[in-house]
Amino acid sequence: MQDDAKPPPGGHAGHDHAGHDHAGHGHGGHGHGGHGHSHAAKVTRDSERRILWVMLLTLVFMLVEVVGGVISGSLALIADAAHMLTDLLALFMAWFAFRLSRRPPDPLRSYGYHRFQVVASYTNGLFLLLITAWIVYEAADRLLSPDPVDGWVMLVVAVAGMLANAGGMLILAMGDRDNLNMKAALLHVVSDLLGSLGAVVAAGIIIATGWVPVDPILSVVFAVLILRSAWIVTRRSVHVLLEGTPDDRSGPDRIAAILREKVAGVLDVHHIHFWSLTAERPLLTLHVTVAEGAAAAEILANVKKVLRHDLGIDHTTVQVDIGTCPDEMHDPHRQETG
């Protein structure tokens with residue numbers, strides 16, 4: 001059996017990732033160490049349920065804002081309702097991603113559908129960036145053409161929205177805070193909370209002074225705050241989708257140095273590929289070279305132990321090469337260059 005150390009997008013071909021057990025073994029100079037765990041990312045029904053509750057809260061308050069905007073004549077409330085519609089779609093996408101991620105692996109997707117969570121968080125991040133641009137555009141338009149607003153109706157609706165969004169934020173914040181999909185959903189709710197807070201402040205100033213331009217000015221301030229978080233979520237999602245090395249882990253050079261230092265019998269470490277299924281689930285494949293006659297099974301077990309205990313990487317596929325790496329022996333480019 002020969003494992004290709006270079007993973008295809010989203011996983012390895014050639015073995016099931018649905019939660020199997022590999023005992024340490026060596027076949028023709030390579031093998032898999034035992035890891036005895038599910039390769040599935042930790043998608044819980046709790047996260048799914050939290051997203052659903054926030055979706056319902058967002059839907060109810062979006063309808064309240066539409067009615068309040070029509071009664072008060074507030075373009076700000078109607079515009080925020082449109083913003084919440086976008087957030088509702090984003091939350092639905094996050095919820096659907098969790099539902100889809102619970103589907104078991106199949107012959108076409110050996111890791112299952114967990115990567116869809118990252119696609120959803122990337123899309124939600126883009127939504128947040130577009131929302132920020134839209135808020136700035138609308139703010140500029142309102143500064144140029146301010147409309148009269150009923151401050152009291154605006155205040156009542158904004159306070160209700162602030163309470164609803166605060167509840168939604170707490171629901172999500174108490175869930176899985178390491179999951180990119182949950183983080184993106186939380187950012188949407190936080191952006192709504194900031195919008196409601198701004199509407200409360202603006203309504204108070206309008207009631208006290210009649211100065212309408214305060215609404216768009218505060219909108220721009222909150223848009224800048226949203227922009228930074230949106231960029232972080234989008235950038236991290238792209239990094240995972242491009243099979244980037246996990247940010248919070250040691251890089252390939254560091255992994256090779258640690259294995260050479262801590263595992264007796266390892267002569268070389270190469271063909272290292274380190275990526276993530278989701279932001280919380282790092283995956284690693286590599287080759288280690290050992291001398292002829294070395295105890296390959298024992299070295300393999302020690303390599304897996306160091307990767308698990310020293311680096312915190314649970315899912316690894318390790319090929320042990322006896323003397324020379326067979327991939328390099330049959331590499332045409334290597335033969336040409338000597």
# chains A, B, ... in the order shown; residues from 1 in each chain; ligands from 1
$ residues_around --residues "segment 185-190 of chain A" --least-positions-apart "3" --cutoff "8 Å" --atoms "only C-alpha atoms" --output "list in words"
Ile51, Asp87, Ala90, Leu91, Ala94, Ser121, Asn124, Leu128, Asn165, Gly168, Met169, Leu172, Ala173, Asn181, Met182, Leu193, Leu194, Ile226, Ser229 and Ala230 of chain A
$ select_by_dssp --residues "segment 232-307 of chain A" --states "helix (DSSP H, G or I)" --output "PDB file with N, CA, C and O atoms, in the first residue's frame"
ATOM      1  N   ILE A 232     -10.930  39.761   8.939  1.00  0.00           N
ATOM      2  CA  ILE A 232     -10.271  38.649   9.623  1.00  0.00           C
ATOM      3  C   ILE A 232     -10.950  37.322   9.270  1.00  0.00           C
ATOM      4  O   ILE A 232     -10.280  36.326   8.936  1.00  0.00           O
ATOM      5  N   VAL A 233     -12.282  37.283   9.324  1.00  0.00           N
ATOM      6  CA  VAL A 233     -13.016  36.055   9.006  1.00  0.00           C
ATOM      7  C   VAL A 233     -12.778  35.643   7.556  1.00  0.00           C
ATOM      8  O   VAL A 233     -12.519  34.474   7.250  1.00  0.00           O
ATOM      9  N   THR A 234     -12.846  36.605   6.631  1.00  0.00           N
ATOM     10  CA  THR A 234     -12.660  36.300   5.208  1.00  0.00           C
ATOM     11  C   THR A 234     -11.250  35.790   4.939  1.00  0.00           C
ATOM     12  O   THR A 234     -11.051  34.790   4.235  1.00  0.00           O
ATOM     13  N   ARG A 235     -10.250  36.456   5.519  1.00  0.00           N
ATOM     14  CA  ARG A 235      -8.853  36.065   5.295  1.00  0.00           C
ATOM     15  C   ARG A 235      -8.583  34.666   5.836  1.00  0.00           C
ATOM     16  O   ARG A 235      -7.934  33.846   5.176  1.00  0.00           O
ATOM     17  N   ARG A 236      -9.082  34.354   7.039  1.00  0.00           N
ATOM     18  CA  ARG A 236      -8.856  33.027   7.625  1.00  0.00           C
ATOM     19  C   ARG A 236      -9.561  31.938   6.813  1.00  0.00           C
ATOM     20  O   ARG A 236      -9.036  30.842   6.632  1.00  0.00           O
ATOM     21  N   SER A 237     -10.755  32.242   6.308  1.00  0.00           N
ATOM     22  CA  SER A 237     -11.489  31.262   5.500  1.00  0.00           C
ATOM     23  C   SER A 237     -10.743  30.963   4.205  1.00  0.00           C
ATOM     24  O   SER A 237     -10.621  29.799   3.794  1.00  0.00           O
ATOM     25  N   VAL A 238     -10.232  32.009   3.559  1.00  0.00           N
ATOM     26  CA  VAL A 238      -9.465  31.810   2.324  1.00  0.00           C
ATOM     27  C   VAL A 238      -8.219  30.977   2.617  1.00  0.00           C
ATOM     28  O   VAL A 238      -7.848  30.093   1.833  1.00  0.00           O
ATOM     29  N   HIS A 239      -7.568  31.233   3.737  1.00  0.00           N
ATOM     30  CA  HIS A 239      -6.363  30.491   4.111  1.00  0.00           C
ATOM     31  C   HIS A 239      -6.661  28.999   4.236  1.00  0.00           C
ATOM     32  O   HIS A 239      -5.893  28.157   3.738  1.00  0.00           O
ATOM     33  N   VAL A 240      -7.783  28.651   4.852  1.00  0.00           N
ATOM     34  CA  VAL A 240      -8.165  27.240   4.984  1.00  0.00           C
ATOM     35  C   VAL A 240      -8.509  26.646   3.625  1.00  0.00           C
ATOM     36  O   VAL A 240      -8.091  25.532   3.291  1.00  0.00           O
ATOM     37  N   LEU A 241      -9.268  27.382   2.809  1.00  0.00           N
ATOM     38  CA  LEU A 241      -9.675  26.877   1.497  1.00  0.00           C
ATOM     39  C   LEU A 241      -8.478  26.667   0.571  1.00  0.00           C
ATOM     40  O   LEU A 241      -8.509  25.805  -0.310  1.00  0.00           O
ATOM     41  N   PRO A 252       6.076  23.529   8.650  1.00  0.00           N
ATOM     42  CA  PRO A 252       6.740  22.290   8.234  1.00  0.00           C
ATOM     43  C   PRO A 252       8.201  22.194   8.666  1.00  0.00           C
ATOM     44  O   PRO A 252       8.658  21.127   9.095  1.00  0.00           O
ATOM     45  N   ASP A 253       8.968  23.290   8.561  1.00  0.00           N
ATOM     46  CA  ASP A 253      10.382  23.244   8.954  1.00  0.00           C
ATOM     47  C   ASP A 253      10.529  22.934  10.436  1.00  0.00           C
ATOM     48  O   ASP A 253      11.406  22.168  10.844  1.00  0.00           O
ATOM     49  N   ARG A 254       9.670  23.536  11.251  1.00  0.00           N
ATOM     50  CA  ARG A 254       9.716  23.303  12.692  1.00  0.00           C
ATOM     51  C   ARG A 254       9.328  21.859  13.017  1.00  0.00           C
ATOM     52  O   ARG A 254       9.935  21.219  13.880  1.00  0.00           O
ATOM     53  N   ILE A 255       8.325  21.330  12.318  1.00  0.00           N
ATOM     54  CA  ILE A 255       7.910  19.938  12.529  1.00  0.00           C
ATOM     55  C   ILE A 255       9.062  18.993  12.217  1.00  0.00           C
ATOM     56  O   ILE A 255       9.367  18.066  12.980  1.00  0.00           O
ATOM     57  N   ALA A 256       9.744  19.223  11.092  1.00  0.00           N
ATOM     58  CA  ALA A 256      10.867  18.363  10.707  1.00  0.00           C
ATOM     59  C   ALA A 256      11.979  18.427  11.747  1.00  0.00           C
ATOM     60  O   ALA A 256      12.561  17.397  12.127  1.00  0.00           O
ATOM     61  N   ALA A 257      12.283  19.626  12.237  1.00  0.00           N
ATOM     62  CA  ALA A 257      13.355  19.788  13.218  1.00  0.00           C
ATOM     63  C   ALA A 257      13.020  19.062  14.521  1.00  0.00           C
ATOM     64  O   ALA A 257      13.884  18.403  15.119  1.00  0.00           O
ATOM     65  N   ILE A 258      11.774  19.151  14.968  1.00  0.00           N
ATOM     66  CA  ILE A 258      11.366  18.495  16.212  1.00  0.00           C
ATOM     67  C   ILE A 258      11.458  16.979  16.081  1.00  0.00           C
ATOM     68  O   ILE A 258      11.941  16.286  16.992  1.00  0.00           O
ATOM     69  N   LEU A 259      11.024  16.430  14.949  1.00  0.00           N
ATOM     70  CA  LEU A 259      11.068  14.969  14.771  1.00  0.00           C
ATOM     71  C   LEU A 259      12.510  14.466  14.705  1.00  0.00           C
ATOM     72  O   LEU A 259      12.833  13.420  15.281  1.00  0.00           O
ATOM     73  N   ARG A 260      13.379  15.199  14.013  1.00  0.00           N
ATOM     74  CA  ARG A 260      14.792  14.772  13.946  1.00  0.00           C
ATOM     75  C   ARG A 260      15.451  14.825  15.325  1.00  0.00           C
ATOM     76  O   ARG A 260      16.299  14.009  15.655  1.00  0.00           O
ATOM     77  N   GLU A 261      15.025  15.808  16.117  1.00  0.00           N
ATOM     78  CA  GLU A 261      15.621  15.982  17.442  1.00  0.00           C
ATOM     79  C   GLU A 261      15.096  14.967  18.454  1.00  0.00           C
ATOM     80  O   GLU A 261      15.864  14.431  19.262  1.00  0.00           O
ATOM     81  N   LYS A 262      13.813  14.665  18.411  1.00  0.00           N
ATOM     82  CA  LYS A 262      13.188  13.900  19.489  1.00  0.00           C
ATOM     83  C   LYS A 262      12.974  12.410  19.184  1.00  0.00           C
ATOM     84  O   LYS A 262      12.669  11.645  20.096  1.00  0.00           O
ATOM     85  N   ALA A 296      11.358   0.009  12.121  1.00  0.00           N
ATOM     86  CA  ALA A 296      10.456   0.974  11.499  1.00  0.00           C
ATOM     87  C   ALA A 296       9.163   1.161  12.288  1.00  0.00           C
ATOM     88  O   ALA A 296       8.678   2.280  12.457  1.00  0.00           O
ATOM     89  N   ALA A 297       8.591   0.067  12.786  1.00  0.00           N
ATOM     90  CA  ALA A 297       7.320   0.162  13.511  1.00  0.00           C
ATOM     91  C   ALA A 297       7.472   0.988  14.790  1.00  0.00           C
ATOM     92  O   ALA A 297       6.617   1.807  15.135  1.00  0.00           O
ATOM     93  N   GLU A 298       8.588   0.780  15.492  1.00  0.00           N
ATOM     94  CA  GLU A 298       8.835   1.522  16.735  1.00  0.00           C
ATOM     95  C   GLU A 298       9.066   3.007  16.445  1.00  0.00           C
ATOM     96  O   GLU A 298       8.561   3.895  17.145  1.00  0.00           O
ATOM     97  N   ILE A 299       9.820   3.306  15.381  1.00  0.00           N
ATOM     98  CA  ILE A 299      10.075   4.707  15.006  1.00  0.00           C
ATOM     99  C   ILE A 299       8.777   5.382  14.604  1.00  0.00           C
ATOM    100  O   ILE A 299       8.506   6.530  14.979  1.00  0.00           O
ATOM    101  N   LEU A 300       7.954   4.651  13.848  1.00  0.00           N
ATOM    102  CA  LEU A 300       6.664   5.196  13.429  1.00  0.00           C
ATOM    103  C   LEU A 300       5.803   5.558  14.637  1.00  0.00           C
ATOM    104  O   LEU A 300       5.222   6.651  14.702  1.00  0.00           O
ATOM    105  N   ALA A 301       5.752   4.654  15.614  1.00  0.00           N
ATOM    106  CA  ALA A 301       4.953   4.913  16.816  1.00  0.00           C
ATOM    107  C   ALA A 301       5.469   6.133  17.568  1.00  0.00           C
ATOM    108  O   ALA A 301       4.694   6.964  18.066  1.00  0.00           O
ATOM    109  N   ASN A 302       6.794   6.293  17.641  1.00  0.00           N
ATOM    110  CA  ASN A 302       7.373   7.438  18.330  1.00  0.00           C
ATOM    111  C   ASN A 302       7.117   8.748  17.588  1.00  0.00           C
ATOM    112  O   ASN A 302       6.896   9.797  18.202  1.00  0.00           O
ATOM    113  N   VAL A 303       7.162   8.681  16.267  1.00  0.00           N
ATOM    114  CA  VAL A 303       6.847   9.871  15.460  1.00  0.00           C
ATOM    115  C   VAL A 303       5.415  10.329  15.729  1.00  0.00           C
ATOM    116  O   VAL A 303       5.144  11.519  15.960  1.00  0.00           O
ATOM    117  N   LYS A 304       4.501   9.375  15.704  1.00  0.00           N
ATOM    118  CA  LYS A 304       3.095   9.715  15.949  1.00  0.00           C
ATOM    119  C   LYS A 304       2.902  10.287  17.357  1.00  0.00           C
ATOM    120  O   LYS A 304       2.122  11.228  17.561  1.00  0.00           O
ATOM    121  N   LYS A 305       3.634   9.731  18.313  1.00  0.00           N
ATOM    122  CA  LYS A 305       3.515  10.198  19.695  1.00  0.00           C
ATOM    123  C   LYS A 305       3.985  11.644  19.824  1.00  0.00           C
ATOM    124  O   LYS A 305       3.342  12.467  20.481  1.00  0.00           O
ATOM    125  N   VAL A 306       5.122  11.951  19.213  1.00  0.00           N
ATOM    126  CA  VAL A 306       5.641  13.328  19.276  1.00  0.00           C
ATOM    127  C   VAL A 306       4.687  14.299  18.589  1.00  0.00           C
ATOM    128  O   VAL A 306       4.422  15.394  19.101  1.00  0.00           O
ATOM    129  N   LEU A 307       4.162  13.910  17.434  1.00  0.00           N
ATOM    130  CA  LEU A 307       3.230  14.789  16.716  1.00  0.00           C
ATOM    131  C   LEU A 307       1.979  15.054  17.544  1.00  0.00           C
ATOM    132  O   LEU A 307       1.464  16.173  17.569  1.00  0.00           O
TER     133      LEU A 307
END
$ residues_around --residues "Val269 of chain A" --least-positions-apart "2" --cutoff "7 Å" --atoms "only C-alpha atoms" --output "PyMOL selection string"
chain A and resi 256+287-289
$ write_last_selection --atoms "N, CA, C and O atoms" --output "PDB file, in the first residue's frame"
ATOM      1  N   ALA A 256       9.744  19.223  11.092  1.00  0.00           N
ATOM      2  CA  ALA A 256      10.867  18.363  10.707  1.00  0.00           C
ATOM      3  C   ALA A 256      11.979  18.427  11.747  1.00  0.00           C
ATOM      4  O   ALA A 256      12.561  17.397  12.127  1.00  0.00           O
ATOM      5  N   HIS A 287       6.822  12.104   5.179  1.00  0.00           N
ATOM      6  CA  HIS A 287       7.681  10.927   5.067  1.00  0.00           C
ATOM      7  C   HIS A 287       8.822  11.067   6.066  1.00  0.00           C
ATOM      8  O   HIS A 287       9.349  12.165   6.266  1.00  0.00           O
ATOM      9  N   VAL A 288       9.208   9.960   6.688  1.00  0.00           N
ATOM     10  CA  VAL A 288      10.445   9.932   7.476  1.00  0.00           C
ATOM     11  C   VAL A 288      11.341   8.843   6.900  1.00  0.00           C
ATOM     12  O   VAL A 288      10.871   7.763   6.528  1.00  0.00           O
ATOM     13  N   THR A 289      12.632   9.162   6.812  1.00  0.00           N
ATOM     14  CA  THR A 289      13.601   8.194   6.300  1.00  0.00           C
ATOM     15  C   THR A 289      14.359   7.573   7.466  1.00  0.00           C
ATOM     16  O   THR A 289      14.809   8.289   8.366  1.00  0.00           O
TER      17      THR A 289
END
$ residues_around --residues "Leu88 of chain A" --least-positions-apart "2" --cutoff "9 Å" --atoms "only C-alpha atoms" --output "list in words"
Val54, Met55, Leu56, Thr58, Leu59, Met62, His83, Met84, Leu85, Thr86, Ala90, Leu91, Phe92, Met93 and His188 of chain A
$ write_last_selection --atoms "C-alpha atoms" --output "PDB file, in the first residue's frame"
ATOM      1  CA  VAL A  54     -30.806  33.535  16.325  1.00  0.00           C
ATOM      2  CA  MET A  55     -32.322  33.151  12.848  1.00  0.00           C
ATOM      3  CA  LEU A  56     -35.822  33.283  14.362  1.00  0.00           C
ATOM      4  CA  THR A  58     -33.509  38.102  13.423  1.00  0.00           C
ATOM      5  CA  LEU A  59     -36.581  37.317  11.318  1.00  0.00           C
ATOM      6  CA  MET A  62     -36.571  42.448  10.811  1.00  0.00           C
ATOM      7  CA  HIS A  83     -29.245  44.853   6.405  1.00  0.00           C
ATOM      8  CA  MET A  84     -30.933  42.310   8.655  1.00  0.00           C
ATOM      9  CA  LEU A  85     -32.372  40.504   5.634  1.00  0.00           C
ATOM     10  CA  THR A  86     -28.814  40.005   4.411  1.00  0.00           C
ATOM     11  CA  ALA A  90     -26.084  34.592   6.089  1.00  0.00           C
ATOM     12  CA  LEU A  91     -27.375  32.918   9.256  1.00  0.00           C
ATOM     13  CA  PHE A  92     -29.398  30.486   7.151  1.00  0.00           C
ATOM     14  CA  MET A  93     -26.238  29.623   5.234  1.00  0.00           C
ATOM     15  CA  HIS A 188     -23.283  39.394  11.750  1.00  0.00           C
TER      16      HIS A 188
END
$ residues_around --residues "Ala164 of chain A" --least-positions-apart "2" --cutoff "8 Å" --atoms "only C-alpha atoms" --output "JSON, numbers by chain"
{"A": [57, 58, 61, 160, 161, 162, 166, 167, 168]}
$ closest_residue --among "A:Ala81, A:Ala120, A:Leu130, A:Val320" --to "Phe96 of chain A" --atoms "only C-alpha atoms"
A:Ala120
$ closest_residue --among "A:Asn179, A:Ser110, A:Ser219, A:Ser145" --to "Ala279 of chain A" --atoms "only C-alpha atoms"
A:Asn179
$ atom_distance --atom1 "atom CA of Ile131 of chain A" --atom2 "atom CA of Leu155 of chain A"
22.7 Å
$ atom_distance --atom1 "atom CA of Ser47 of chain A" --atom2 "atom CA of Asp176 of chain A"
6.7 Å
$ residues_around --residues "Arg103 of chain A" --least-positions-apart "6" --cutoff "10 Å" --atoms "only C-alpha atoms" --output "MDAnalysis selection string"
chainID A and resid 112:114
$ closest_residue --among "A:Trp53, A:Trp152, A:Trp95, A:Tyr111" --to "Gly73 of chain A" --atoms "only C-alpha atoms"
A:Trp152
